[in-house]
Structures are given as C-alpha cells and as structure tokens.
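Read through the structure below, which is laid out as structure tokens, and then see the notes.
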Amino acid sequence: MATKTTRCDPAEHLTDKKSIAAYINAALEDGDPAVIAAAVGDVARAKGMTRIARDAGLTRASLYKALGGEAKAEFGTILRVMDAIGVKLHATTS
C-alpha cells in the first residue's frame with residue numbers, strides 16, 4: 001500500500017509575528033545559508049512578494065532570484081528583505 005502525501009507550503013502557516021519569528025529563528029539555528037534564504041523567502045511569499053520587493057528596494061524578479069535557492073543571496077539583500085518583512089536579527093552570546 002502506497003503512502004499518500006500532500007504538499008505543504010510553509011507560507012500558508014506564517015500568519016502572525018510569533019510564527020514568523022519562530023520560523024526564521026529555526027532557520028538561523030540550522031545555520032545553512034540556503035535554509036535561511038528559503039525561510040526568508042517563505043515569509044516574503046506569505047506577506048506578498050510584490051510589496052516585500054518594493055519595501056526592500058528590489059524588483060520582484062530579483063527577489064525571487066535571490067531567495068529561490070539557485071543563486072546565493074548576498075547578506076545585505078537578506079538583511080533588506082528581513083527588514084521589509086519586519087524581522088530583526090539580535091546577537092546573543094553562547
């Protein structure tokens with residue numbers, strides 16, 4: 001008997017500030033730049049790519065390209081997008 005699965009889109013579940021912060025924090029804890037970029041992209045999709053691109057000073061196409069996984073997004077781009085989605089980074093000691 002085959003197992004049936006359904007596709008899950010994280011953007012559908014990122015509906016409030018608390019879930020967005022937890023999602024980004026989990027990606028940051030993972031430490032993989034591709035995972036972080038993908039998580040930021042999921043949040044941007046949840047909030048609306050056109051608005052986030054505009055607020056980050058990017059074109060929609062460059063935002064998709066930067067967060068799509070094929071190209072490595074520059075840290076500055078990630079920071080601008082995080083600001084546009086309303087997320088800030090905070091450093092703590094380990």
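The way I read the labels, and the way they are meant: chains A, B, ... in the order of the structure tokens, residue 1 as the first residue of every chain, and ligand 1 as the first ligand shown, with later ones counted on from there.
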Practice problem: Please identify all polymer residues within 12 Å of Gly48 (chain A), counting only C-alpha atoms, omitting same-chain residues fewer than 5 positions from it, and present them as a count of residues only. | Solution: 16
Practice problem: Would you mind reading off the distance between CA of Ala39 (chain A) and CA of Gly76 (chain A), one decimal, in Å? | Solution: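 So the answer is 15.9 Å.
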Practice problem: Find the residue from A:Glu29, A:Ala46, A:Thr93, A:Leu67 that sits nearest to His13 (chain A); use only C-alpha atoms when measuring. | Solution: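 Checking each candidate against His13 (chain A), we get A:Ala46 as the closest.
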Exercise. May I have the residues within 12 Å of Lys72 (chain A) as a ChimeraX atom specification, using only C-alpha atoms and disregarding those fewer than 6 positions away in the same chain?
Key: /A:32-38,62-66,78
Got time to write the residues from that selection, N, CA and C atoms, as a compact mmCIF listing (two decimals), in the first residue's frame?
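What follows is the written file part_15.txt:
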# COMPACT_ATOMS: atom_id res chain seq x y z
N ASP A 32 22.50 26.87 7.87
CA ASP A 32 22.75 26.71 6.43
C ASP A 32 22.21 27.94 5.71
N PRO A 33 23.07 28.68 4.99
CA PRO A 33 22.61 29.88 4.29
C PRO A 33 21.44 29.63 3.33
N ALA A 34 21.41 28.47 2.70
CA ALA A 34 20.30 28.15 1.79
C ALA A 34 18.99 27.99 2.55
N VAL A 35 19.06 27.41 3.74
CA VAL A 35 17.86 27.24 4.57
C VAL A 35 17.37 28.60 5.05
N ILE A 36 18.29 29.46 5.44
CA ILE A 36 17.91 30.80 5.89
C ILE A 36 17.26 31.58 4.75
N ALA A 37 17.87 31.56 3.57
CA ALA A 37 17.30 32.26 2.42
C ALA A 37 15.93 31.71 2.07
N ALA A 38 15.77 30.39 2.12
CA ALA A 38 14.47 29.78 1.81
C ALA A 38 13.42 30.20 2.83
N SER A 62 14.24 40.01 -9.05
CA SER A 62 15.49 39.85 -8.32
C SER A 62 15.25 39.27 -6.93
N LEU A 63 14.10 39.55 -6.34
CA LEU A 63 13.77 38.97 -5.04
C LEU A 63 13.58 37.46 -5.18
N TYR A 64 12.84 37.03 -6.19
CA TYR A 64 12.67 35.60 -6.43
C TYR A 64 14.02 34.93 -6.69
N LYS A 65 14.86 35.59 -7.47
CA LYS A 65 16.17 35.03 -7.80
C LYS A 65 17.03 34.90 -6.56
N ALA A 66 17.05 35.95 -5.73
CA ALA A 66 17.89 35.95 -4.53
C ALA A 66 17.47 34.88 -3.52
N ILE A 78 19.62 39.85 2.13
CA ILE A 78 18.85 39.15 3.16
C ILE A 78 18.44 40.14 4.25
Quiz prompt | Gap from CA of Arg80 (chain A) to CA of Ala56 (chain A) - Å, one decimal | solution = 5.2 Å
Quiz prompt | Selection near Val87 (chain A), 9 Å with only C-alpha atoms, sequence-local residues under 5 positions removed, as an MDAnalysis selection string | solution = chainID A and resid 17 20:21 24 79 81:82
